[in-house]
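S.K.: Contents of upload_23.cif (mmCIF, C-alpha atoms and all ligand atoms) are below:
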```cif
data_start
#
loop_
_atom_site.label_atom_id
_atom_site.label_comp_id
_atom_site.auth_asym_id
_atom_site.auth_seq_id
_atom_site.Cartn_x
_atom_site.Cartn_y
_atom_site.Cartn_z
CA MET C 1 -12.92 32.07 7.16
CA GLN C 2 -10.29 29.32 7.28
CA PHE C 3 -10.62 26.31 9.55
CA SER C 4 -7.58 24.31 10.59
CA THR C 5 -6.42 21.80 13.16
CA GLY C 6 -3.35 22.00 15.39
CA GLN C 7 -1.95 24.41 17.91
CA ALA C 8 1.75 24.52 16.98
CA GLY C 9 3.06 28.06 16.90
CA ARG C 10 -0.22 29.68 17.96
CA GLU C 11 -0.53 28.49 21.57
CA ARG C 12 -0.32 32.04 22.95
CA GLN C 13 -3.03 33.31 20.58
CA ILE C 14 -5.33 30.42 21.51
CA ILE C 15 -4.88 30.92 25.26
CA ASP C 16 -5.39 34.69 24.92
CA LEU C 17 -8.53 34.26 22.81
CA CYS C 18 -10.08 31.84 25.32
CA ALA C 19 -9.13 34.03 28.27
CA SER C 20 -10.50 37.26 26.77
CA THR C 21 -13.72 35.61 25.51
CA PHE C 22 -14.57 34.05 28.87
CA THR C 23 -13.51 37.16 30.80
CA ALA C 24 -15.98 39.15 28.69
CA SER C 25 -18.83 36.66 29.05
CA GLU C 26 -18.34 35.25 32.56
CA GLY C 27 -15.97 37.60 34.40
CA THR C 28 -12.31 37.79 35.39
CA GLU C 29 -12.25 34.68 37.55
CA GLU C 30 -13.73 32.45 34.84
CA GLY C 31 -11.38 34.01 32.27
CA ALA C 32 -8.39 33.09 34.45
CA SER C 33 -9.75 29.61 35.05
CA ILE C 34 -10.17 28.98 31.31
CA ALA C 35 -6.68 30.35 30.64
CA ARG C 36 -5.28 27.78 33.13
CA LEU C 37 -7.32 25.04 31.52
CA VAL C 38 -6.20 25.81 27.98
CA THR C 39 -2.57 26.32 29.05
CA GLY C 40 -2.70 22.83 30.56
CA LEU C 41 -4.51 21.26 27.63
CA LEU C 42 -1.97 22.64 25.16
CA GLY C 43 1.10 22.32 27.35
CA THR C 44 0.77 19.02 29.21
CA THR C 45 -1.41 16.78 27.06
CA PRO C 46 0.22 14.17 24.80
CA ASP C 47 -0.30 14.91 21.09
CA GLY C 48 -2.66 12.00 20.50
CA ASP C 49 -4.91 13.05 23.36
CA VAL C 50 -5.76 16.58 22.25
CA VAL C 51 -7.29 18.06 19.08
CA VAL C 52 -7.39 21.83 18.70
CA CYS C 53 -9.42 23.42 15.89
CA CYS C 54 -9.27 27.08 14.97
CA ALA C 55 -11.19 29.54 12.82
CA GLN C 56 -8.99 32.24 11.36
CA GLU C 57 -9.38 35.25 9.16
CA GLY C 58 -5.98 36.00 7.70
CA PRO C 59 -3.66 36.19 10.69
CA THR C 60 -6.48 36.82 13.16
CA LEU C 61 -7.71 33.99 15.33
CA VAL C 62 -11.49 34.28 15.53
CA GLY C 63 -12.48 31.09 17.30
CA CYS C 64 -11.09 27.94 18.81
CA ILE C 65 -12.29 24.66 20.28
CA VAL C 66 -10.40 21.96 22.14
CA PHE C 67 -11.18 18.25 22.34
CA SER C 68 -9.29 15.97 24.73
CA ARG C 69 -9.37 12.25 25.31
CA LEU C 70 -11.52 10.54 27.91
CA ARG C 71 -10.53 7.01 28.85
CA TYR C 72 -13.21 4.45 29.57
CA GLU C 73 -10.90 1.53 30.32
CA GLN C 74 -13.72 -1.01 30.20
CA ASP C 75 -14.95 0.18 26.79
CA GLU C 76 -13.21 -0.19 23.47
CA ARG C 77 -14.66 2.96 21.92
CA ILE C 78 -12.58 6.11 21.45
CA VAL C 79 -14.07 9.00 23.39
CA PHE C 80 -13.19 12.70 23.43
CA VAL C 81 -14.64 15.58 25.39
CA LEU C 82 -15.11 19.10 24.02
CA ALA C 83 -14.00 22.01 26.24
CA PRO C 84 -13.70 24.88 25.85
CA VAL C 85 -15.41 26.62 22.90
CA ALA C 86 -14.65 30.28 22.30
CA VAL C 87 -15.53 32.74 19.56
CA ARG C 88 -14.07 36.24 19.70
CA THR C 89 -16.49 38.52 21.49
CA ASP C 90 -16.88 40.92 18.56
CA ARG C 91 -17.62 38.04 16.15
CA GLN C 92 -20.25 36.11 18.08
CA GLY C 93 -23.67 35.36 16.62
CA GLU C 94 -22.40 35.04 13.02
CA GLY C 95 -22.50 31.25 12.91
CA ILE C 96 -18.73 30.87 13.39
CA GLY C 97 -19.13 28.70 16.51
CA GLN C 98 -21.42 26.26 14.74
CA GLN C 99 -19.22 26.11 11.63
CA LEU C 100 -16.14 25.50 13.77
CA LEU C 101 -17.90 22.77 15.78
CA THR C 102 -19.09 21.09 12.59
CA TYR C 103 -15.54 21.23 11.24
CA GLY C 104 -14.11 19.88 14.51
CA LEU C 105 -16.55 16.98 14.70
CA LYS C 106 -15.59 16.03 11.14
CA GLN C 107 -11.91 16.02 12.15
CA LEU C 108 -12.72 13.67 15.04
CA ARG C 109 -14.65 11.33 12.74
CA GLY C 110 -11.64 11.29 10.42
CA ARG C 111 -9.49 10.18 13.37
CA GLY C 112 -11.82 7.31 14.22
CA VAL C 113 -13.35 8.86 17.33
CA ASP C 114 -16.58 7.05 18.25
CA VAL C 115 -18.14 9.28 20.88
CA VAL C 116 -17.86 12.93 21.84
CA LEU C 117 -19.11 14.38 25.10
CA THR C 118 -19.32 17.93 26.35
CA TYR C 119 -20.55 19.93 29.27
CA GLY C 120 -22.51 23.05 28.45
CA ASP C 121 -25.76 24.65 27.37
CA PRO C 122 -28.00 22.01 25.71
CA ALA C 123 -29.79 24.70 23.69
CA TYR C 124 -26.56 25.67 21.95
CA TYR C 125 -24.85 22.30 21.54
CA SER C 126 -27.99 20.56 20.28
CA LYS C 127 -27.52 22.63 17.09
CA VAL C 128 -24.49 20.46 16.27
CA GLY C 129 -25.87 17.08 17.25
CA PHE C 130 -25.33 16.83 21.02
CA ARG C 131 -28.10 15.44 23.19
CA GLN C 132 -28.54 15.53 26.94
CA ILE C 133 -27.30 12.34 28.56
CA THR C 134 -27.17 11.01 32.10
CA GLU C 135 -24.32 9.31 33.90
CA ASP C 136 -25.98 6.00 33.07
CA VAL C 137 -24.78 6.66 29.52
CA ALA C 138 -21.34 8.06 30.40
CA ARG C 139 -19.94 8.43 33.88
CA ALA C 140 -18.29 11.82 34.24
CA PRO C 141 -14.64 11.84 35.37
CA LEU C 142 -15.48 14.18 38.26
CA PRO C 143 -18.76 15.03 40.00
CA LEU C 144 -20.93 17.25 37.77
CA SER C 145 -22.08 20.46 39.41
CA PHE C 146 -24.65 20.95 36.62
CA PRO C 147 -25.81 17.47 35.44
CA HIS C 148 -28.33 19.14 33.09
CA GLY C 149 -25.35 20.20 30.94
CA TRP C 150 -23.90 16.70 30.41
CA LEU C 151 -24.15 16.08 26.65
CA GLY C 152 -23.02 13.52 24.14
CA GLN C 153 -23.27 12.22 20.60
CA SER C 154 -22.16 9.21 18.61
CA LEU C 155 -19.88 9.98 15.67
CA THR C 156 -20.57 6.63 14.05
CA GLU C 157 -23.69 5.19 12.50
CA ARG C 158 -24.51 3.43 15.76
CA ASP C 159 -26.61 5.13 18.43
CA LEU C 160 -24.86 6.22 21.58
CA GLN C 161 -24.93 3.14 23.79
CA PRO C 162 -23.79 3.42 27.43
CA LEU C 163 -20.03 3.58 27.93
CA ALA C 164 -18.77 0.91 30.32
CA GLY C 165 -17.14 1.78 33.61
CA PRO C 166 -15.66 4.95 35.04
CA GLY C 167 -14.14 7.59 32.77
CA GLY C 168 -10.85 9.39 33.22
CA CYS C 169 -9.85 12.73 31.72
CA VAL C 170 -6.47 14.24 30.84
CA PRO C 171 -4.61 15.89 33.77
CA ALA C 172 -5.45 19.43 32.58
CA LEU C 173 -9.19 18.76 33.04
CA ASP C 174 -8.79 16.82 36.25
CA SER C 175 -9.99 19.54 38.61
CA PRO C 176 -13.44 20.10 40.14
CA GLU C 177 -13.52 23.70 38.90
CA TYR C 178 -14.13 22.48 35.33
CA TRP C 179 -16.97 20.11 36.20
C1 LIG E 201 -21.11 30.20 22.86
C2 LIG E 201 -20.31 30.65 21.66
C3 LIG E 201 -19.15 29.70 21.44
C4 LIG E 201 -21.23 30.60 20.44
O1 LIG E 201 -20.50 30.91 19.26
P1 LIG E 201 -21.14 31.88 18.18
O2 LIG E 201 -20.26 31.91 17.01
O3 LIG E 201 -21.44 33.18 18.83
O4 LIG E 201 -22.52 31.13 17.92
P2 LIG E 201 -23.16 30.87 16.49
O5 LIG E 201 -23.22 32.16 15.77
O6 LIG E 201 -22.52 29.72 15.83
O7 LIG E 201 -24.59 30.36 16.91
C5 LIG E 201 -25.52 31.29 17.19
C6 LIG E 201 -26.73 30.56 17.64
O8 LIG E 201 -26.50 29.99 18.91
C7 LIG E 201 -27.26 30.69 19.89
N1 LIG E 201 -26.37 30.89 21.02
C8 LIG E 201 -25.21 31.56 21.06
N2 LIG E 201 -24.67 31.48 22.30
C9 LIG E 201 -25.51 30.71 23.03
C10 LIG E 201 -25.52 30.27 24.38
N3 LIG E 201 -24.54 30.57 25.25
N4 LIG E 201 -26.56 29.50 24.78
C11 LIG E 201 -27.56 29.17 23.92
N5 LIG E 201 -27.60 29.57 22.65
C12 LIG E 201 -26.60 30.34 22.21
C13 LIG E 201 -27.71 31.96 19.24
O9 LIG E 201 -28.95 32.38 19.76
C14 LIG E 201 -27.85 31.53 17.78
O10 LIG E 201 -29.06 30.82 17.56
P3 LIG E 201 -29.70 30.69 16.07
O11 LIG E 201 -28.73 29.86 15.25
O12 LIG E 201 -30.98 29.94 16.32
O13 LIG E 201 -29.86 32.06 15.57
C15 LIG E 201 -19.77 32.10 21.78
O14 LIG E 201 -20.85 32.96 21.93
C16 LIG E 201 -18.80 32.26 22.92
O15 LIG E 201 -17.59 32.12 22.73
N6 LIG E 201 -19.31 32.62 24.10
C17 LIG E 201 -18.49 32.85 25.28
C18 LIG E 201 -17.82 31.60 25.77
C19 LIG E 201 -18.79 30.47 26.00
O16 LIG E 201 -19.83 30.62 26.63
N7 LIG E 201 -18.42 29.28 25.47
C20 LIG E 201 -19.27 28.10 25.55
C21 LIG E 201 -19.08 27.37 26.82
S1 LIG E 201 -17.68 26.26 26.76
#
```
Please go through the file and, once you have read it, give me the structure as structure tokens.
M.R.:
Amino acid sequence: MQFSTGQAGRERQIIDLCASTFTASEGTEEGASIARLVTGLLGTTPDGDVVVCCAQEGPTLVGCIVFSRLRYEQDERIVFVLAPVAVRTDRQGEGIGQQLLTYGLKQLRGRGVDVVLTYGDPAYYSKVGFRQITEDVARAPLPLSFPHGWLGQSLTERDLQPLAGPGGCVPALDSPEYW
């Protein structure tokens, strides 16, 4: 398995992988929604605001994760949010998701990111260091339909202290359907 960062030249593969994975797990509507999200994240987000990490076997894309910047204007820390995470349906349960997340978090640390947030199943994401948080720790950019799934971790040696002020996401994530 090879892990790498960057989307150049493989945008179509990444969008297709996310769409087919979520269609299989959550249905057609969710698959289409994730395809729109990833198309936006890859197509409309400035380079410095998005980090895409992929797991590949030879030419085959097996998994991908996307981090994008959150801006807390009143806080000096660099914050990214993880969404989505997809591992090819026929390769799930082999540890690829966790390896890819561990790789991705290391890439963020290398870029000086202080805090990473995500929105998902605490049971899964706790395996790679995320903890449940409330909006006292980080205000979400949009209302959370499932506050139980609001998760975060510090990527520095310091504990995750509350982020100051409201948070803003990149345009691709700026829609209630993703929150
Ligand atoms: C969720 C997903 C990314 C996990 O990737 P994966 O490579 O299959 O997972 P791994 O093999 O790394 O991890 C497996 C472990 O996580 C657990 N796990 C897998 N999916 C889980 C889920 N949705 N919720 C809770 N636990 C989960 C497994 O029970 C297993 O536990 P163990 O390590 O104690 O045995 C993958 O199944 C996927 O793409 N699912 C569809 C899309 C999705 O739901 N994405 C996440 C939301 S953004």
S.K.: Mind dumping a table of every chain C residue within 7 Å of ligand LIG 201 (chain E), with the nearest atom pair and its distance in Å to one decimal, using only C-alpha atoms and all ligand atoms, sorted by chain and rising number, as a tab-separated table?
M.R.:
```
residue	atom	partner	partner_atom	distance
C:Thr21	CA	E:LIG201	C17	5.5
C:Phe22	CA	E:LIG201	C18	5.1
C:Ser25	CA	E:LIG201	C17	5.4
C:Ala83	CA	E:LIG201	S1	5.6
C:Pro84	CA	E:LIG201	S1	4.3
C:Val85	CA	E:LIG201	S1	4.5
C:Ala86	CA	E:LIG201	O15	3.5
C:Val87	CA	E:LIG201	O15	3.8
C:Arg88	CA	E:LIG201	O15	6.2
C:Thr89	CA	E:LIG201	O15	6.6
C:Arg91	CA	E:LIG201	O2	6.7
C:Gln92	CA	E:LIG201	O3	3.3
C:Gly93	CA	E:LIG201	O5	3.3
C:Glu94	CA	E:LIG201	O5	4.1
C:Gly95	CA	E:LIG201	O5	3.1
C:Ile96	CA	E:LIG201	O2	4.1
C:Gly97	CA	E:LIG201	O2	3.4
C:Gln98	CA	E:LIG201	O6	3.8
C:Gln99	CA	E:LIG201	O6	6.4
C:Gly120	CA	E:LIG201	C21	5.8
C:Asp121	CA	E:LIG201	N4	5.6
C:Ala123	CA	E:LIG201	C11	5.0
C:Tyr124	CA	E:LIG201	N5	4.1
```
S.K.: For Asp47 (chain C), which residue among C:Val170, C:Ile65, C:Ala138, C:Val79 is the nearest when counting all atoms listed in the file?
M.R.: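 Smallest distance to Asp47 (chain C) is found for C:Val170.
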S.K.: What gap, in Å, lies between CA of Arg77 (chain C) and CA of Asp114 (chain C)?
M.R.: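 These atoms are spaced 5.8 Å apart.
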S.K.: Please, what is the axis-aligned box for every listed atom of region 127-142 of chain C with 5 Å on each side, as centre and edge lengths in Å to one decimal, as JSON?
M.R.:
```
{"center_x": -21.6, "center_y": 14.3, "center_z": 27.3, "size_x": 23.9, "size_y": 26.6, "size_z": 32.0}
```
S.K.: Just the number, please: distance in Å from CA of Val51 (chain C) to CA of Gly152 (chain C), one decimal.
M.R.: 17.1 Å
S.K.: Between CA of Ala8 (chain C) and CA of Leu155 (chain C), what distance in Å does the model show, to one decimal?
M.R.: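 Distance between the two atoms: 26.1 Å.
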S.K.: Given only C-alpha atoms as the basis, pick out the residue of C:Leu70, C:Val116, C:Cys169, C:Val52 nearest to Leu100 (chain C).
M.R.: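 Between C:Leu70, C:Val116, C:Cys169, C:Val52, the residue approaching Leu100 (chain C) most closely is C:Val52.
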S.K.: Return the single residue from C:Pro166, C:Cys18, C:Cys54, C:Pro176 that is closest to Gln74 (chain C), with distances computed using all atoms listed in the file.
M.R.: C:Pro166
S.K.: Please provide as a PyMOL selection string all residues within 8 Å of Ala55 (chain C), with the sequence filter that same-chain residues fewer than 2 positions apart are discarded (counting only C-alpha atoms).
M.R.: chain C and resi 1-4+53+57+61-64+96+100
S.K.: Taking the point (-23.3, 2.6, 18.7) as given in the file, collect each protein or nucleic acid residue that comes within 12 Å of it, counting only C-alpha atoms, and present the set as a list in words.
M.R.: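 Residues close enough to count: Asp75, Glu76, Arg77, Ile78, Val113, Asp114, Val115, Val137, Gln153, Ser154, Leu155, Thr156, Glu157, Arg158, Asp159, Leu160, Gln161, Pro162 and Leu163 of chain C.
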S.K.: With a distance cut-off of 9 Å and only C-alpha atoms, select the neighbouring residues of Ala35 (chain C), excluding the residue or stretch itself and same-chain residues fewer than 6 positions from it, and output the selection as a PyMOL selection string.
M.R.: chain C and resi 15-20+22
S.K.: My list of candidates is C:Ile14, C:Leu151, C:Val50, C:Ala172. Which is closest to Ile133 (chain C) when distances are computed with all atoms listed in the file?
M.R.: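 Selected residue with least distance to Ile133 (chain C): C:Leu151.
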S.K.: Compare C:Glu135, C:Ile34, C:Gly112, C:Pro59 by their minimum atom-to-atom distance to Glu177 (chain C), counting only C-alpha atoms, and give me the closest one.
M.R.: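 Of C:Glu135, C:Ile34, C:Gly112, C:Pro59, the one nearest Glu177 (chain C), counting only C-alpha atoms, is C:Ile34.
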S.K.: Just checking: using all atoms listed in the file, which residue out of C:Asp90, C:Glu11, C:Asp136, C:Val128 ends up closest to Tyr103 (chain C)?
M.R.: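 Among C:Asp90, C:Glu11, C:Asp136, C:Val128, it is C:Val128 that comes nearest to Tyr103 (chain C).
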